[in-house]
file my_file.pdb (PDB, C-alpha atoms)
ATOM      1  CA  MET A 181      15.531  -4.729  10.473
ATOM      2  CA  PHE A 182      14.207  -1.230  11.089
ATOM      3  CA  ASP A 183      16.017   1.969  11.885
ATOM      4  CA  GLU A 184      16.087   2.307  15.672
ATOM      5  CA  GLU A 185      15.121   5.970  15.345
ATOM      6  CA  GLN A 186      11.866   4.989  13.634
ATOM      7  CA  ASP A 187       9.009   3.158  15.265
ATOM      8  CA  PRO A 188       8.596  -0.400  13.978
ATOM      9  CA  PRO A 189       5.467  -1.182  11.985
ATOM     10  CA  LEU A 190       2.379  -2.115  13.916
ATOM     11  CA  ALA A 191       1.032  -5.592  13.231
ATOM     12  CA  TRP A 192      -2.337  -7.265  13.594
ATOM     13  CA  VAL A 193      -3.245 -10.957  13.324
ATOM     14  CA  PRO A 194      -7.024 -10.838  12.725
ATOM     15  CA  VAL A 195      -9.114 -13.880  13.639
ATOM     16  CA  GLU A 196     -12.589 -12.516  12.872
ATOM     17  CA  GLY A 197     -14.427 -14.273  10.048
ATOM     18  CA  ARG A 198     -12.084 -17.274  10.055
ATOM     19  CA  GLY A 199     -14.122 -19.648  12.218
ATOM     20  CA  SER A 200     -12.248 -21.899  14.638
ATOM     21  CA  LEU A 201      -9.360 -22.739  12.271
ATOM     22  CA  PRO A 202      -7.004 -20.045  13.709
ATOM     23  CA  PHE A 203      -7.066 -22.066  16.947
ATOM     24  CA  ALA A 204      -6.099 -25.387  15.349
ATOM     25  CA  LEU A 205      -2.566 -26.582  16.044
ATOM     26  CA  VAL A 206       0.487 -26.490  13.804
ATOM     27  CA  HIS A 207       3.684 -27.894  15.292
ATOM     28  CA  GLY A 208       1.930 -27.899  18.685
ATOM     29  CA  GLU A 209       0.922 -24.210  18.656
ATOM     30  CA  SER A 210      -2.291 -22.536  17.546
ATOM     31  CA  LEU A 211      -2.161 -20.925  14.123
ATOM     32  CA  VAL A 212      -2.793 -17.504  15.689
ATOM     33  CA  ALA A 213       0.097 -18.044  18.126
ATOM     34  CA  ALA A 214       2.435 -19.147  15.326
ATOM     35  CA  ALA A 215       1.483 -16.116  13.225
ATOM     36  CA  SER A 216       1.865 -13.767  16.204
ATOM     37  CA  TRP A 217       5.285 -15.185  17.035
ATOM     38  CA  ALA A 218       6.441 -14.600  13.431
ATOM     39  CA  VAL A 219       5.256 -10.977  13.607
ATOM     40  CA  GLY A 220       7.376 -10.404  16.707
ATOM     41  CA  GLU A 221      10.382 -12.102  15.135
ATOM     42  CA  ALA A 222       9.957  -9.818  12.100
ATOM     43  CA  GLY A 223      10.454  -6.784  14.345
ATOM     44  CA  CYS A 224       6.876  -5.532  14.250
ATOM     45  CA  GLN A 225       4.842  -4.379  17.247
ATOM     46  CA  LEU A 226       1.801  -6.614  17.665
ATOM     47  CA  TYR A 227      -1.497  -5.141  18.832
ATOM     48  CA  ASP A 228      -4.917  -6.687  19.194
ATOM     49  CA  ALA A 229      -8.432  -5.771  18.167
ATOM     50  CA  SER A 230      -9.098  -4.064  21.517
ATOM     51  CA  VAL A 231      -7.047  -1.092  20.271
ATOM     52  CA  PRO A 232      -9.413   1.312  18.487
ATOM     53  CA  PHE A 233      -8.737   1.562  14.754
ATOM     54  CA  ASP A 234      -8.698   5.351  15.001
ATOM     55  CA  ALA A 235      -5.668   5.157  17.319
ATOM     56  CA  VAL A 236      -3.875   2.856  14.871
ATOM     57  CA  ARG A 237      -4.763   5.107  11.937
ATOM     58  CA  ARG A 238      -3.566   8.246  13.726
ATOM     59  CA  SER A 239      -0.286   6.646  14.857
ATOM     60  CA  GLY A 240       1.332   7.429  11.496
ATOM     61  CA  ARG A 241       2.921   3.978  11.530
ATOM     62  CA  ASP A 242       2.784   1.318   8.842
ATOM     63  CA  LEU A 243       0.493  -1.647   9.527
ATOM     64  CA  LEU A 244       1.370  -5.250   8.715
ATOM     65  CA  LEU A 245      -1.646  -7.556   8.552
ATOM     66  CA  HIS A 246      -0.783 -11.225   8.999
ATOM     67  CA  ASP A 247      -3.525 -13.772   8.326
ATOM     68  CA  PRO A 248      -3.384 -16.582  10.926
ATOM     69  CA  LEU A 249      -4.490 -18.937   8.140
ATOM     70  CA  CYS A 250      -0.992 -18.386   6.685
ATOM     71  CA  PRO A 251       0.614 -19.528   9.955
ATOM     72  CA  LEU A 252       4.036 -20.587   8.700
ATOM     73  CA  THR A 253       4.893 -17.475   6.708
ATOM     74  CA  PRO A 254       8.584 -16.964   7.519
ATOM     75  CA  ALA A 255       9.405 -14.027   9.795
ATOM     76  CA  GLY A 256      12.096 -12.915   7.346
ATOM     77  CA  PHE A 257       9.506 -12.618   4.591
ATOM     78  CA  LEU A 258       7.221 -10.559   6.854
ATOM     79  CA  ALA A 259      10.158  -8.242   7.620
ATOM     80  CA  GLU A 260      10.991  -7.968   3.901
ATOM     81  CA  ALA A 261       7.408  -6.967   3.070
ATOM     82  CA  ALA A 262       7.331  -4.383   5.875
ATOM     83  CA  ALA A 263      10.662  -2.921   4.773
ATOM     84  CA  ARG A 264       9.476  -2.743   1.153
ATOM     85  CA  ALA A 265       6.333  -0.825   2.149
ATOM     86  CA  ARG A 266       8.403   1.594   4.208
ATOM     87  CA  GLU A 267      10.898   2.145   1.363
ATOM     88  CA  THR A 268       8.353   2.601  -1.424
ATOM     89  CA  GLY A 269       5.284   4.023   0.310
ATOM     90  CA  ARG A 270       3.196   1.461  -1.590
ATOM     91  CA  VAL A 271       0.825  -1.134  -0.191
ATOM     92  CA  VAL A 272       2.712  -4.445  -0.309
ATOM     93  CA  VAL A 273       0.660  -7.580  -0.962
ATOM     94  CA  ALA A 274       2.090 -11.086  -0.718
ATOM     95  CA  PHE A 275       0.867 -13.538  -3.336
ATOM     96  CA  ARG A 276       1.294 -17.069  -4.603
ATOM     97  CA  GLU A 277       0.871 -18.058  -8.236
ATOM     98  CA  VAL A 278      -2.320 -19.935  -9.062
ATOM     99  CA  THR A 279      -1.454 -23.530  -9.939
ATOM    100  CA  ASP A 280      -4.931 -25.074  -9.991
ATOM    101  CA  THR A 281      -6.894 -25.446 -13.218
ATOM    102  CA  ILE A 282      -9.543 -22.722 -13.360
ATOM    103  CA  LYS A 283     -12.681 -23.197 -15.448
ATOM    104  CA  GLY A 284     -15.262 -20.670 -16.491
ATOM    105  CA  ARG A 285     -18.907 -21.471 -15.823
ATOM    106  CA  THR A 286     -22.131 -20.691 -17.606
ATOM    107  CA  GLY A 287     -25.099 -21.579 -15.454
ATOM    108  CA  ASP A 288     -24.544 -25.176 -14.381
ATOM    109  CA  ARG A 289     -22.109 -25.987 -17.198
ATOM    110  CA  LEU A 290     -18.328 -25.794 -17.054
ATOM    111  CA  GLY A 291     -16.761 -23.706 -19.760
ATOM    112  CA  GLU A 292     -13.325 -22.961 -21.097
ATOM    113  CA  THR A 293     -10.150 -23.267 -19.061
ATOM    114  CA  VAL A 294      -9.011 -19.843 -17.847
ATOM    115  CA  ASP A 295      -5.419 -18.818 -18.547
ATOM    116  CA  ARG A 296      -3.714 -18.712 -15.128
ATOM    117  CA  ALA A 297      -0.870 -16.470 -16.310
ATOM    118  CA  GLY A 298      -2.226 -13.306 -14.695
ATOM    119  CA  LEU A 299      -3.934 -14.881 -11.677
ATOM    120  CA  ARG A 300      -2.657 -14.560  -8.110
ATOM    121  CA  THR A 301      -3.734 -15.841  -4.732
ATOM    122  CA  VAL A 302      -3.457 -13.215  -1.996
ATOM    123  CA  VAL A 303      -1.669 -14.620   1.045
ATOM    124  CA  SER A 304       0.065 -12.950   3.954
ATOM    125  CA  PRO A 305       1.117 -10.275   4.711
ATOM    126  CA  VAL A 306      -0.585  -7.157   3.464
ATOM    127  CA  VAL A 307       1.364  -4.073   4.564
ATOM    128  CA  VAL A 308      -0.375  -0.695   4.560
ATOM    129  CA  PRO A 309       1.941   2.344   4.767
ATOM    130  CA  GLY A 310       1.091   4.931   7.423
ATOM    131  CA  PRO A 311       0.005   7.661   4.965
ATOM    132  CA  VAL A 312      -2.400   5.241   3.231
ATOM    133  CA  LEU A 313      -3.688   3.959   6.573
ATOM    134  CA  ALA A 314      -4.337   7.543   7.715
ATOM    135  CA  GLY A 315      -6.791   7.985   4.832
ATOM    136  CA  LEU A 316      -8.936   4.986   5.766
ATOM    137  CA  GLU A 317     -12.090   5.311   7.828
ATOM    138  CA  VAL A 318     -12.327   1.557   8.477
ATOM    139  CA  LEU A 319     -10.160  -1.477   7.912
ATOM    140  CA  ASP A 320     -11.944  -4.760   7.256
ATOM    141  CA  ALA A 321      -9.364  -7.546   7.392
ATOM    142  CA  GLY A 322     -11.954 -10.323   7.185
ATOM    143  CA  GLU A 323     -11.035 -11.259   3.608
ATOM    144  CA  PHE A 324      -7.618 -10.146   2.406
ATOM    145  CA  PRO A 325      -8.553 -10.237  -1.337
ATOM    146  CA  VAL A 326     -11.478  -7.870  -0.661
ATOM    147  CA  LEU A 327      -9.227  -5.624   1.425
ATOM    148  CA  VAL A 328      -6.620  -5.546  -1.355
ATOM    149  CA  GLY A 329      -9.301  -4.658  -3.907
ATOM    150  CA  ASP A 330     -10.357  -1.727  -1.732
ATOM    151  CA  LEU A 331      -6.768  -0.613  -1.122
ATOM    152  CA  ALA A 332      -6.059  -0.748  -4.874
ATOM    153  CA  THR A 333      -8.630   2.024  -5.383
ATOM    154  CA  ARG A 334      -6.721   4.250  -2.929
ATOM    155  CA  ALA A 335      -3.037   3.471  -3.380
ATOM    156  CA  GLU A 336      -0.463   1.815  -5.551
ATOM    157  CA  ILE A 337      -0.034  -1.920  -4.936
ATOM    158  CA  GLU A 338       3.306  -3.712  -5.012
ATOM    159  CA  TRP A 339       3.024  -7.480  -5.425
ATOM    160  CA  LEU A 340       5.607  -9.582  -3.593
ATOM    161  CA  GLU A 341       5.836 -13.282  -4.400
ATOM    162  CA  ALA A 342       5.625 -15.312  -1.216
ATOM    163  CA  PRO A 343       7.480 -18.519  -0.370
ATOM    164  CA  ALA A 344       5.640 -21.859  -0.336
ATOM    165  CA  LEU A 345       5.310 -21.822   3.456
ATOM    166  CA  ALA A 346       3.222 -18.640   3.226
ATOM    167  CA  ARG A 347       0.318 -20.494   1.635
ATOM    168  CA  ARG A 348      -3.125 -20.052   3.161
ATOM    169  CA  VAL A 349      -4.964 -23.052   4.582
ATOM    170  CA  HIS A 350      -8.719 -23.520   4.375
ATOM    171  CA  ASP A 351      -9.185 -26.671   6.448
ATOM    172  CA  LEU A 352      -7.387 -29.222   8.621
ATOM    173  CA  GLU A 353      -6.330 -31.343   5.615
ATOM    174  CA  GLU A 354      -4.528 -28.396   4.012
ATOM    175  CA  LEU A 355      -2.990 -27.591   7.397
ATOM    176  CA  ALA A 356      -1.579 -31.135   7.623
ATOM    177  CA  VAL A 357      -0.040 -30.721   4.145
ATOM    178  CA  LEU A 358       1.504 -27.357   5.111
ATOM    179  CA  GLU A 359       2.918 -28.824   8.320
ATOM    180  CA  ALA A 360       4.440 -31.735   6.362
ATOM    181  CA  LEU A 361       5.935 -29.275   3.844
ATOM    182  CA  SER A 362       7.549 -27.296   6.652
ATOM    183  CA  ARG A 363       9.030 -30.470   8.145
ATOM    184  CA  SER A 364      10.486 -31.444   4.767
ATOM    185  CA  GLN A 365      12.047 -27.994   4.321
ATOM    186  CA  SER A 366      13.610 -27.950   7.781
ATOM    187  CA  GLY A 367      15.104 -31.456   7.565
TER
END
call {"tool": "encode", "arguments": {"input": "my_file.pdb", "output": "structure tokens"}}
result
Amino acid sequence: MFDEEQDPPLAWVPVEGRGSLPFALVHGESLVAAASWAVGEAGCQLYDASVPFDAVRRSGRDLLLHDPLCPLTPAGFLAEAAARARETGRVVVAFREVTDTIKGRTGDRLGETVDRAGLRTVVSPVVVPGPVLAGLEVLDAGEFPVLVGDLATRAEIEWLEAPALARRVHDLEELAVLEALSRSQSG
């Protein structure tokens, strides 16, 4: 996956700002455990929030952020995103196409249907190359779309279309659908 002479990317699975959902179960494991396992399988070095951000920033290493609310993102896809960031030096952001109907709104009235052609849903991972990371004073991984908006003002973004299993869940019903999808794809 990564050149043995180079340090593997660091990885973080942030749980802050996500309520209790990261601790719900998918295939018998918590979402945060499933996401952490995938990070390890992708060849990244997992660290936790007890490590000061300044130490991470000064390490010179790339950082892969994996949202535990995207618990079934395949390890191979995480590795692909990390490798792409290393090769290009760009921030790599995983996305899924928007498939829902989006309506504009004026006050309390629904308006025109918005063309979805240019819309994306940010999923996981977001990979920040070491040189970009070194220029950050803070890293707020609470909301990946907000983080990506901030990173876009500092670096070039490369969008990487994610597989269906990388979708983000917002509640237990969506988690049940994702789990069923993964069973159908493995059978």
call {"tool": "residues_around", "arguments": {"input": "my_file.pdb", "residues": "stretch 197-206 of chain A", "least_positions_apart": "6", "cutoff": "7 Å", "atoms": "only C-alpha atoms", "output": "MDAnalysis selection string"}}
result
chainID A and resid 212 248:249 322 359
call {"tool": "atom_distance", "arguments": {"input": "my_file.pdb", "atom1": "atom CA of A:Ile337", "atom2": "atom CA of A:Ala218"}}
result
23.2 Å
call {"tool": "resolve_selection", "arguments": {"input": "my_file.pdb", "expression": "the PyMOL selection byres ((chain A and resi 339-348) around 8)", "output": "PDB file with C-alpha atoms, keeping the file's coordinate frame"}}
result
ATOM      1  CA  LEU A 249      -4.490 -18.937   8.140  1.00  0.00           C
ATOM      2  CA  CYS A 250      -0.992 -18.386   6.685  1.00  0.00           C
ATOM      3  CA  PRO A 251       0.614 -19.528   9.955  1.00  0.00           C
ATOM      4  CA  LEU A 252       4.036 -20.587   8.700  1.00  0.00           C
ATOM      5  CA  THR A 253       4.893 -17.475   6.708  1.00  0.00           C
ATOM      6  CA  PRO A 254       8.584 -16.964   7.519  1.00  0.00           C
ATOM      7  CA  PHE A 257       9.506 -12.618   4.591  1.00  0.00           C
ATOM      8  CA  ALA A 261       7.408  -6.967   3.070  1.00  0.00           C
ATOM      9  CA  VAL A 272       2.712  -4.445  -0.309  1.00  0.00           C
ATOM     10  CA  VAL A 273       0.660  -7.580  -0.962  1.00  0.00           C
ATOM     11  CA  ALA A 274       2.090 -11.086  -0.718  1.00  0.00           C
ATOM     12  CA  PHE A 275       0.867 -13.538  -3.336  1.00  0.00           C
ATOM     13  CA  ARG A 276       1.294 -17.069  -4.603  1.00  0.00           C
ATOM     14  CA  GLU A 277       0.871 -18.058  -8.236  1.00  0.00           C
ATOM     15  CA  VAL A 303      -1.669 -14.620   1.045  1.00  0.00           C
ATOM     16  CA  SER A 304       0.065 -12.950   3.954  1.00  0.00           C
ATOM     17  CA  ILE A 337      -0.034  -1.920  -4.936  1.00  0.00           C
ATOM     18  CA  GLU A 338       3.306  -3.712  -5.012  1.00  0.00           C
ATOM     19  CA  VAL A 349      -4.964 -23.052   4.582  1.00  0.00           C
ATOM     20  CA  HIS A 350      -8.719 -23.520   4.375  1.00  0.00           C
ATOM     21  CA  LEU A 358       1.504 -27.357   5.111  1.00  0.00           C
ATOM     22  CA  LEU A 361       5.935 -29.275   3.844  1.00  0.00           C
ATOM     23  CA  SER A 362       7.549 -27.296   6.652  1.00  0.00           C
TER      24      SER A 362
END
call {"tool": "closest_residue", "arguments": {"input": "my_file.pdb", "among": "A:Thr268, A:Gln186, A:Ser210, A:Ser364", "to": "A:Gly240", "atoms": "all atoms listed in the file"}}
result
A:Gln186
call {"tool": "resolve_selection", "arguments": {"input": "my_file.pdb", "expression": "the PyMOL selection byres ((chain A and resi 265) around 12)", "output": "ChimeraX atom specification"}}
result
/A:182,189,241-244,258-264,266-274,305-313,335-340
call {"tool": "atom_distance", "arguments": {"input": "my_file.pdb", "atom1": "atom CA of A:Arg289", "atom2": "atom CA of A:Phe324"}}
result
29.1 Å
call {"tool": "closest_residue", "arguments": {"input": "my_file.pdb", "among": "A:Val195, A:Arg285, A:Glu209, A:Asp234", "to": "A:Asp247", "atoms": "only C-alpha atoms"}}
result
A:Val195
call {"tool": "closest_residue", "arguments": {"input": "my_file.pdb", "among": "A:His207, A:Arg363, A:Glu323, A:Cys224", "to": "A:Thr301", "atoms": "only C-alpha atoms"}}
result
A:Glu323
call {"tool": "residues_around", "arguments": {"input": "my_file.pdb", "residues": "A:Val326", "least_positions_apart": "6", "cutoff": "10 Å", "atoms": "all atoms listed in the file", "output": "PDB file with C-alpha atoms, keeping the file's coordinate frame"}}
result
ATOM      1  CA  VAL A 302      -3.457 -13.215  -1.996  1.00  0.00           C
ATOM      2  CA  ASP A 320     -11.944  -4.760   7.256  1.00  0.00           C
ATOM      3  CA  ALA A 332      -6.059  -0.748  -4.874  1.00  0.00           C
TER       4      ALA A 332
END
call {"tool": "closest_residue", "arguments": {"input": "my_file.pdb", "among": "A:Leu290, A:Pro188, A:Arg334, A:Leu319", "to": "A:Pro232", "atoms": "only C-alpha atoms"}}
result
A:Leu319
call {"tool": "atom_distance", "arguments": {"input": "my_file.pdb", "atom1": "atom CA of A:Ala222", "atom2": "atom CA of A:Ser366"}}
result
19.0 Å
